[in-house]
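Source file: start23.cif; contents: mmCIF, C-alpha atoms and all ligand atoms.
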```
data_protein
#
loop_
_atom_site.label_atom_id
_atom_site.label_comp_id
_atom_site.auth_asym_id
_atom_site.auth_seq_id
_atom_site.Cartn_x
_atom_site.Cartn_y
_atom_site.Cartn_z
CA MET A 196 0.00 0.00 0.00
CA THR A 197 1.38 3.41 -0.87
CA ALA A 198 1.65 6.13 1.73
CA THR A 199 -1.12 8.16 0.11
CA ARG A 200 -3.83 5.60 0.89
CA THR A 201 -5.12 5.12 4.40
CA ARG A 202 -5.97 1.59 5.42
CA LEU A 203 -9.69 0.97 5.90
CA VAL A 204 -11.34 -1.92 7.73
CA LEU A 205 -15.11 -1.95 7.23
CA GLY A 206 -17.51 -4.34 8.89
CA ASN A 207 -20.57 -5.58 7.03
CA TRP A 208 -22.99 -6.86 9.62
CA LYS A 209 -25.32 -8.17 6.89
CA MET A 210 -28.70 -9.16 8.42
CA HIS A 211 -27.35 -9.77 11.90
CA GLY A 212 -27.80 -8.00 15.20
CA ASN A 213 -30.37 -6.80 17.68
CA LEU A 214 -30.46 -3.81 19.99
CA ALA A 215 -28.89 -5.61 22.94
CA ASP A 216 -26.08 -7.36 21.02
CA ASN A 217 -25.33 -4.23 19.00
CA THR A 218 -24.88 -2.21 22.17
CA LYS A 219 -22.33 -4.71 23.46
CA LEU A 220 -20.49 -4.85 20.14
CA LEU A 221 -20.39 -1.09 19.63
CA ASN A 222 -19.30 -0.47 23.22
CA ALA A 223 -16.52 -3.01 22.86
CA LEU A 224 -15.30 -1.31 19.68
CA LEU A 225 -15.39 2.07 21.41
CA ALA A 226 -13.56 0.79 24.48
CA ALA A 227 -10.61 -0.56 22.53
CA PRO A 228 -7.45 1.55 22.55
CA ARG A 229 -6.76 2.65 19.00
CA ALA A 230 -4.12 5.31 19.37
CA ALA A 231 -1.40 3.18 17.82
CA THR A 232 -3.12 2.64 14.51
CA THR A 233 -3.98 4.98 11.68
CA THR A 234 -6.37 2.42 10.23
CA GLN A 235 -9.84 3.81 9.56
CA MET A 236 -12.68 1.68 10.87
CA GLY A 237 -16.33 1.57 10.04
CA VAL A 238 -19.43 -0.59 10.33
CA CYS A 239 -22.23 -1.03 7.79
CA VAL A 240 -25.33 -1.98 9.73
CA PRO A 241 -28.94 -2.92 8.91
CA PHE A 242 -31.20 0.10 8.35
CA PRO A 243 -33.17 -0.22 11.62
CA TYR A 244 -29.97 0.07 13.65
CA LEU A 245 -28.60 3.21 12.00
CA ALA A 246 -30.03 5.43 14.72
CA GLN A 247 -28.57 3.26 17.48
CA THR A 248 -25.21 3.10 15.71
CA ALA A 249 -25.12 6.83 15.03
CA LEU A 250 -25.89 7.58 18.66
CA ALA A 251 -23.25 5.16 19.93
CA LEU A 252 -20.42 6.08 17.55
CA SER A 253 -21.03 9.81 17.24
CA GLY A 254 -17.89 11.67 18.21
CA SER A 255 -15.72 8.57 17.89
CA SER A 256 -13.20 7.75 15.16
CA ILE A 257 -15.36 4.86 13.91
CA ALA A 258 -17.56 5.62 10.92
CA TRP A 259 -20.82 3.93 10.03
CA GLY A 260 -22.97 3.31 7.04
CA ALA A 261 -25.66 1.23 5.39
CA GLN A 262 -25.71 -1.84 3.18
CA ASP A 263 -27.89 -0.59 0.34
CA ILE A 264 -29.39 2.58 -1.09
CA SER A 265 -32.23 3.44 -3.43
CA VAL A 266 -31.45 5.00 -6.78
CA HIS A 267 -34.39 7.34 -6.12
CA ALA A 268 -34.25 10.46 -3.99
CA GLN A 269 -37.83 10.11 -2.73
CA GLY A 270 -41.28 9.04 -3.77
CA ALA A 271 -43.57 6.05 -4.02
CA TYR A 272 -40.91 3.36 -3.63
CA THR A 273 -42.19 1.12 -0.86
CA GLY A 274 -39.41 -0.46 1.16
CA GLU A 275 -36.63 1.65 -0.34
CA VAL A 276 -34.27 3.90 1.63
CA SER A 277 -32.82 7.02 0.03
CA GLY A 278 -29.38 8.55 0.30
CA GLY A 279 -30.89 11.58 1.97
CA MET A 280 -32.31 9.34 4.70
CA LEU A 281 -28.91 7.74 5.23
CA LYS A 282 -27.40 11.21 5.47
CA ASP A 283 -29.97 12.06 8.14
CA PHE A 284 -28.28 9.40 10.26
CA SER A 285 -24.81 10.74 9.41
CA CYS A 286 -23.83 7.70 7.40
CA HIS A 287 -20.43 7.99 5.78
CA TYR A 288 -20.43 4.77 3.76
CA VAL A 289 -22.98 2.73 1.85
CA LEU A 290 -22.31 -0.66 0.29
CA VAL A 291 -23.50 -1.03 -3.28
CA GLY A 292 -23.50 -4.14 -5.41
CA HIS A 293 -22.68 -6.66 -2.72
CA SER A 294 -22.70 -10.10 -4.36
CA GLU A 295 -25.57 -11.19 -2.13
CA ARG A 296 -27.70 -8.38 -3.58
CA ARG A 297 -26.48 -9.02 -7.12
CA ALA A 298 -27.40 -12.70 -6.75
CA MET A 299 -30.55 -12.58 -4.61
CA HIS A 300 -32.03 -9.29 -5.79
CA ALA A 301 -30.91 -9.46 -9.41
CA GLU A 302 -28.95 -6.21 -9.19
CA SER A 303 -27.35 -5.49 -12.54
CA ASP A 304 -24.01 -3.81 -13.16
CA GLN A 305 -25.90 -0.72 -14.35
CA LEU A 306 -28.13 -0.62 -11.26
CA VAL A 307 -25.05 -0.84 -9.05
CA SER A 308 -23.57 2.10 -10.90
CA ASP A 309 -26.85 4.02 -10.49
CA LYS A 310 -26.74 3.32 -6.75
CA ALA A 311 -23.14 4.52 -6.56
CA ARG A 312 -24.19 7.72 -8.27
CA ALA A 313 -27.16 8.15 -5.91
CA ALA A 314 -24.77 7.75 -2.97
CA LEU A 315 -22.40 10.39 -4.32
CA THR A 316 -25.30 12.76 -4.99
CA ALA A 317 -26.29 12.41 -1.32
CA GLY A 318 -22.73 13.04 -0.17
CA LEU A 319 -22.08 9.44 0.85
CA THR A 320 -19.06 7.30 0.02
CA PRO A 321 -20.19 4.28 -2.00
CA VAL A 322 -18.30 1.06 -1.42
CA VAL A 323 -18.70 -0.64 -4.78
CA CYS A 324 -18.47 -4.42 -4.42
CA VAL A 325 -17.30 -6.61 -7.27
CA GLY A 326 -16.29 -10.24 -7.47
CA GLU A 327 -16.42 -13.38 -9.57
CA SER A 328 -18.09 -16.72 -8.84
CA LEU A 329 -16.13 -19.93 -8.48
CA ALA A 330 -17.24 -21.09 -11.93
CA GLU A 331 -16.04 -17.81 -13.42
CA ARG A 332 -12.69 -18.09 -11.65
CA ASP A 333 -12.25 -21.68 -12.74
CA ALA A 334 -12.98 -20.57 -16.30
CA GLY A 335 -10.19 -17.99 -16.05
CA GLN A 336 -12.68 -15.13 -16.18
CA ALA A 337 -12.05 -13.40 -12.84
CA VAL A 338 -10.55 -10.24 -14.27
CA SER A 339 -12.93 -10.03 -17.23
CA VAL A 340 -15.97 -10.37 -14.93
CA ILE A 341 -14.70 -7.63 -12.66
CA THR A 342 -13.89 -5.40 -15.62
CA ARG A 343 -17.48 -5.89 -16.86
CA GLN A 344 -18.93 -5.16 -13.41
CA LEU A 345 -16.86 -1.99 -13.08
CA ALA A 346 -17.53 -0.59 -16.55
CA PRO A 347 -20.75 1.33 -15.76
CA VAL A 348 -19.20 2.57 -12.53
CA LEU A 349 -16.15 3.89 -14.36
CA ALA A 350 -18.49 5.54 -16.86
CA LEU A 351 -19.51 7.91 -14.04
CA GLY A 352 -16.14 9.58 -14.60
CA SER A 353 -12.88 9.89 -12.72
CA GLU A 354 -14.14 12.68 -10.46
CA ALA A 355 -16.84 10.29 -9.19
CA VAL A 356 -14.54 7.28 -8.97
CA LEU A 357 -12.11 9.24 -6.82
CA LYS A 358 -14.83 9.56 -4.16
CA MET A 359 -15.53 5.82 -4.05
CA VAL A 360 -14.13 2.79 -2.31
CA ILE A 361 -13.93 -0.44 -4.33
CA ALA A 362 -14.25 -3.81 -2.61
CA TYR A 363 -13.10 -7.00 -4.31
CA GLU A 364 -15.06 -9.89 -2.84
CA PRO A 365 -14.71 -13.17 -4.70
CA VAL A 366 -18.06 -14.89 -4.24
CA TRP A 367 -16.39 -18.23 -3.48
CA ALA A 368 -14.56 -16.70 -0.53
CA ILE A 369 -17.58 -15.12 1.18
CA GLY A 370 -18.65 -16.91 4.33
CA THR A 371 -16.89 -20.06 3.20
CA GLY A 372 -13.72 -19.88 5.27
CA ARG A 373 -11.86 -20.10 1.97
CA THR A 374 -9.91 -16.85 1.59
CA ALA A 375 -8.27 -15.84 -1.66
CA THR A 376 -4.51 -16.11 -1.26
CA PRO A 377 -2.79 -12.74 -0.99
CA GLU A 378 -1.37 -13.33 -4.47
CA GLN A 379 -4.79 -14.15 -5.97
CA ALA A 380 -6.29 -11.05 -4.38
CA GLN A 381 -3.37 -8.82 -5.35
CA GLU A 382 -3.64 -9.91 -8.98
CA VAL A 383 -7.26 -8.76 -9.13
CA HIS A 384 -6.63 -5.62 -7.08
CA ALA A 385 -3.87 -4.62 -9.50
CA ALA A 386 -6.24 -5.23 -12.42
CA ILE A 387 -8.88 -3.07 -10.73
CA ARG A 388 -6.40 -0.28 -10.17
CA ALA A 389 -5.29 -0.54 -13.80
CA ALA A 390 -8.95 -0.34 -14.87
CA LEU A 391 -9.39 2.83 -12.80
CA LYS A 392 -6.64 4.32 -14.96
CA GLY A 393 -6.15 8.02 -15.22
CA ALA A 394 -5.47 10.58 -12.57
CA GLY A 395 -6.19 9.51 -9.06
CA ALA A 396 -6.27 5.72 -9.45
CA GLU A 397 -3.46 5.58 -6.94
CA GLN A 398 -5.68 7.27 -4.34
CA VAL A 399 -8.71 4.98 -4.50
CA GLN A 400 -8.95 2.53 -1.62
CA ILE A 401 -9.47 -1.05 -2.82
CA LEU A 402 -10.59 -3.43 -0.07
CA TYR A 403 -10.50 -7.20 -0.09
CA GLY A 404 -13.44 -9.16 1.34
CA GLY A 405 -14.11 -12.84 1.82
CA SER A 406 -13.36 -14.78 5.00
CA VAL A 407 -10.97 -12.14 6.33
CA LYS A 408 -9.81 -13.08 9.83
CA ALA A 409 -7.12 -11.84 12.15
CA ALA A 410 -5.00 -14.80 11.04
CA ASN A 411 -4.96 -13.82 7.36
CA ALA A 412 -5.37 -10.04 7.48
CA ALA A 413 -1.70 -9.15 7.77
CA SER A 414 -0.61 -11.19 4.75
CA LEU A 415 -3.43 -9.70 2.66
CA PHE A 416 -2.66 -6.17 3.81
CA ALA A 417 1.01 -6.64 2.92
CA MET A 418 0.06 -6.66 -0.77
CA PRO A 419 0.71 -3.36 -2.57
CA ASP A 420 -2.83 -2.86 -3.91
CA ILE A 421 -4.83 -4.16 -0.92
CA ASP A 422 -5.82 -1.19 1.19
CA GLY A 423 -7.94 -2.90 3.80
CA ALA A 424 -10.84 -5.26 4.21
CA LEU A 425 -14.58 -5.58 4.03
CA VAL A 426 -15.33 -8.01 6.83
CA GLY A 427 -18.49 -10.05 7.27
CA GLY A 428 -18.65 -12.68 9.98
CA ALA A 429 -15.61 -11.54 11.90
CA SER A 430 -17.03 -8.02 12.22
CA LEU A 431 -19.72 -9.36 14.56
CA VAL A 432 -17.15 -10.27 17.20
CA ALA A 433 -15.48 -7.19 18.60
CA GLU A 434 -12.16 -8.79 19.41
CA ASP A 435 -11.90 -10.41 15.97
CA PHE A 436 -12.79 -7.21 14.17
CA LEU A 437 -10.36 -5.20 16.29
CA ALA A 438 -7.62 -7.76 15.72
CA ILE A 439 -8.06 -7.41 11.94
CA ALA A 440 -7.77 -3.63 12.20
CA ALA A 441 -4.76 -3.92 14.50
O1 LIG A 501 -19.35 -10.55 2.27
C1 LIG A 501 -18.46 -10.20 3.02
C2 LIG A 501 -18.34 -8.80 3.46
O2 LIG A 501 -19.14 -7.97 2.71
C3 LIG A 501 -17.48 -11.18 3.53
O3 LIG A 501 -18.11 -11.99 4.45
P1 LIG A 501 -17.24 -12.98 5.37
O4 LIG A 501 -16.13 -12.14 5.96
O5 LIG A 501 -18.18 -13.50 6.37
O6 LIG A 501 -16.68 -14.01 4.44
#
```
Would you give me this structure, written as structure tokens?
Amino acid sequence: MTATRTRLVLGNWKMHGNLADNTKLLNALLAAPRAATTTQMGVCVPFPYLAQTALALSGSSIAWGAQDISVHAQGAYTGEVSGGMLKDFSCHYVLVGHSERRAMHAESDQLVSDKARAALTAGLTPVVCVGESLAERDAGQAVSVITRQLAPVLALGSEAVLKMVIAYEPVWAIGTGRTATPEQAQEVHAAIRAALKGAGAEQVQILYGGSVKAANAASLFAMPDIDGALVGGASLVAEDFLAIAA
């Protein structure tokens, strides 16, 4: 990682949590001494817990955000949540295009780009998730799939891309305990950075996600184009999440 990029460790709680457990988790994150690290930390929580998270983390160095955003600013869109609403709860980040949403909610590459744009319009930092399936990797298509997924995002222009975070999450590594090797991840991260091209590509944070644990974080973070992690399961256990950031 070059000196210009700060390391970022983001938790994705997915559809986990309840008021009582969240309080314990957030308090444990707040109680941990963090003076020695310059690593940025954040948590992306389910919509109903944004208020609780905002209240708990306000004034701390830990950021928070959501896991999805509507492409619409407001209107008759039952069940949707707008960027303006996320801003009301002082969200910094919003995940867009997580593979679970691409797979289970049929989110297209274009829709993911539209969501990234909606996030930027609302003043949020979109964390654009990309990643190939196992079949695609086995077919040697990892980089071409990611290039295809990123194309409509890159079409938003370099000024927009500079305000984003990209997360590479190979689908076969999510929740499986099977992490990409640092070399496998680095290869894709370098391809992503090459795809970003142009001015500023060196500044964009590119996170790795997929079974990141304290035991494998350091070797992943040692790679030149891996700027941090998007953490699922391990972000639900304060000591594991903190150990990754440390
Ligand atoms: O999907 C992920 C984060 O967005 C990764 O999840 P796990 O860390 O549980 O594999």
Closest atom pairs, chain A residues within 7 Å of ligand LIG 501 (chain A), all atoms listed in the file, as CSV:
```
residue,atom,partner,partner_atom,distance
A:Asn207,CA,A:LIG501,O2,5.1
A:His293,CA,A:LIG501,O2,6.6
A:Glu364,CA,A:LIG501,O1,6.7
A:Ala368,CA,A:LIG501,O6,6.0
A:Ile369,CA,A:LIG501,O6,3.6
A:Gly370,CA,A:LIG501,O6,3.5
A:Thr371,CA,A:LIG501,O6,6.2
A:Gly372,CA,A:LIG501,O6,6.6
A:Gly404,CA,A:LIG501,C3,5.0
A:Gly405,CA,A:LIG501,O6,3.9
A:Ser406,CA,A:LIG501,O6,3.5
A:Val407,CA,A:LIG501,O4,5.2
A:Leu425,CA,A:LIG501,C2,5.0
A:Val426,CA,A:LIG501,O4,4.3
A:Gly427,CA,A:LIG501,O4,3.4
A:Gly428,CA,A:LIG501,O5,3.7
A:Ala429,CA,A:LIG501,O4,6.0
```
How close does each residue of stretch 257-360 of chain A get to stretch 238-245 of chain A, giving the shortest atom pair and distance in Å to one decimal for every residue with an atom at most 7 Å away, counting only C-alpha atoms, sorted by chain and residue number, as a Markdown table?
```
| residue | atom | partner | partner_atom | distance |
| --- | --- | --- | --- | --- |
| A:Ala258 | CA | A:Val238 | CA | 6.5 |
| A:Trp259 | CA | A:Val238 | CA | 4.7 |
| A:Gly260 | CA | A:Cys239 | CA | 4.5 |
| A:Ala261 | CA | A:Cys239 | CA | 4.8 |
| A:Gln262 | CA | A:Cys239 | CA | 5.8 |
| A:Phe284 | CA | A:Leu245 | CA | 6.4 |
```
Next on the checklist: Show me, as a list in words, the residues that have an atom within 9 Å of A:Arg312 when counting all atoms listed in the file, minus same-chain residues fewer than 3 positions from it.
Outcome noted: Val266, Val307, Ser308, Asp309, Leu315, Thr316, Ala317, Pro321, Val348, Leu351 and Ala355 of chain A
Item to check | Expected answer as a list in words: all residues with atoms within 8 Å of (-4.5, 6.2, -3.7), only C-alpha atoms | outcome: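 Residues with an atom close enough to that point: Thr197, Thr199, Arg200, Gly395, Ala396, Glu397, Gln398, Val399 and Gln400 of chain A.
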Output the selection as a tab-separated table (two decimals), in the frame of the given file - C-alpha atoms for each residue.
```
chain	number	residue	atom	x	y	z
A	197	THR	CA	1.38	3.41	-0.87
A	199	THR	CA	-1.12	8.16	0.11
A	200	ARG	CA	-3.83	5.60	0.89
A	395	GLY	CA	-6.19	9.51	-9.06
A	396	ALA	CA	-6.27	5.72	-9.45
A	397	GLU	CA	-3.46	5.58	-6.94
A	398	GLN	CA	-5.68	7.27	-4.34
A	399	VAL	CA	-8.71	4.98	-4.50
A	400	GLN	CA	-8.95	2.53	-1.62
```
Item to check | Among the residues A:Cys324, A:Ala223, A:Thr376, A:Ala330, the one that comes closest to A:Asp435 [using only C-alpha atoms] | outcome: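 Closest candidate: A:Ala223.
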Long-range neighbours of A:Ser328 as a PDB file with C-alpha atoms, in the coordinates of the input, 10 Å cut-off, only C-alpha atoms, 6 positions minimum in chain:
```pdb
ATOM      1  CA  SER A 294     -22.700 -10.100  -4.360  1.00  0.00           C
ATOM      2  CA  ALA A 334     -12.980 -20.570 -16.300  1.00  0.00           C
ATOM      3  CA  GLN A 336     -12.680 -15.130 -16.180  1.00  0.00           C
ATOM      4  CA  ALA A 337     -12.050 -13.400 -12.840  1.00  0.00           C
ATOM      5  CA  VAL A 340     -15.970 -10.370 -14.930  1.00  0.00           C
ATOM      6  CA  GLU A 364     -15.060  -9.890  -2.840  1.00  0.00           C
ATOM      7  CA  PRO A 365     -14.710 -13.170  -4.700  1.00  0.00           C
ATOM      8  CA  VAL A 366     -18.060 -14.890  -4.240  1.00  0.00           C
ATOM      9  CA  TRP A 367     -16.390 -18.230  -3.480  1.00  0.00           C
ATOM     10  CA  ALA A 368     -14.560 -16.700  -0.530  1.00  0.00           C
TER      11      ALA A 368
END
```
Checklist entry - Hey, can you check how far atom CA of A:Leu431 sits from atom CA of A:Ile341? => result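 That distance, rounded to one decimal, is 27.7 Å.
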Checklist entry - Using all atoms listed in the file, which of the listed residues (A:Glu434, A:Lys392, A:Gly279, A:Ala440) sits closest to A:Ala413? => result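 Ranking A:Glu434, A:Lys392, A:Gly279, A:Ala440 by distance to A:Ala413, first place goes to A:Ala440.
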Item to check | Distance criterion (only C-alpha atoms): nearest to A:Thr233 out of A:Arg202, A:Arg332, A:Lys310, A:His267 | outcome: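 Ranked by minimum distance to A:Thr233, first place goes to A:Arg202.
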Next on the checklist: Which residues are close to A:Leu224, i.e. within 9 Å by all atoms listed in the file, leaving aside same-chain residues fewer than 3 positions away? Reply as a list in words.
Outcome noted: Lys219, Leu220, Leu221, Ala227, Pro228, Ile257, Ala433, Glu434, Phe436 and Leu437 of chain A
Next on the checklist: Using Å and a single decimal, report how far atom CA of A:Gly423 sits from atom CA of A:Pro377.
Outcome noted: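 Separation of atom CA of A:Pro377 and atom CA of A:Gly423: 12.1 Å.
Between atom CA of A:Pro419 and atom CA of A:Ala346 there is a distance of 23.1 Å.
When all atoms listed in the file are used to measure the gap to A:Ala350, the shortest distance among A:Asp304, A:Glu378, A:Asp333, A:Asp216 belongs to A:Asp304.
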Within 6 Å of A:Thr320, counting only C-alpha atoms, which residues show up once you throw out same-chain ones fewer than 3 positions away? Write them as a compact mmCIF listing (two decimals) with C-alpha atoms, keeping the file's coordinate frame, please.
```txt
# COMPACT_ATOMS: atom_id res chain seq x y z
CA HIS A 287 -20.43 7.99 5.78
CA TYR A 288 -20.43 4.77 3.76
CA MET A 359 -15.53 5.82 -4.05
```
Item to check | Residue among A:Leu225, A:Ala417, A:Val204, A:Ala389 lying closest to A:Thr248, counting only C-alpha atoms | outcome: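 Of A:Leu225, A:Ala417, A:Val204, A:Ala389, the one nearest A:Thr248, counting only C-alpha atoms, is A:Leu225.
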Next on the checklist: Considering all atoms listed in the file, can you say which of A:Gly278, A:Gly326, A:Gly292, A:Gly393 comes closest to A:Glu354?
Outcome noted: A:Gly393
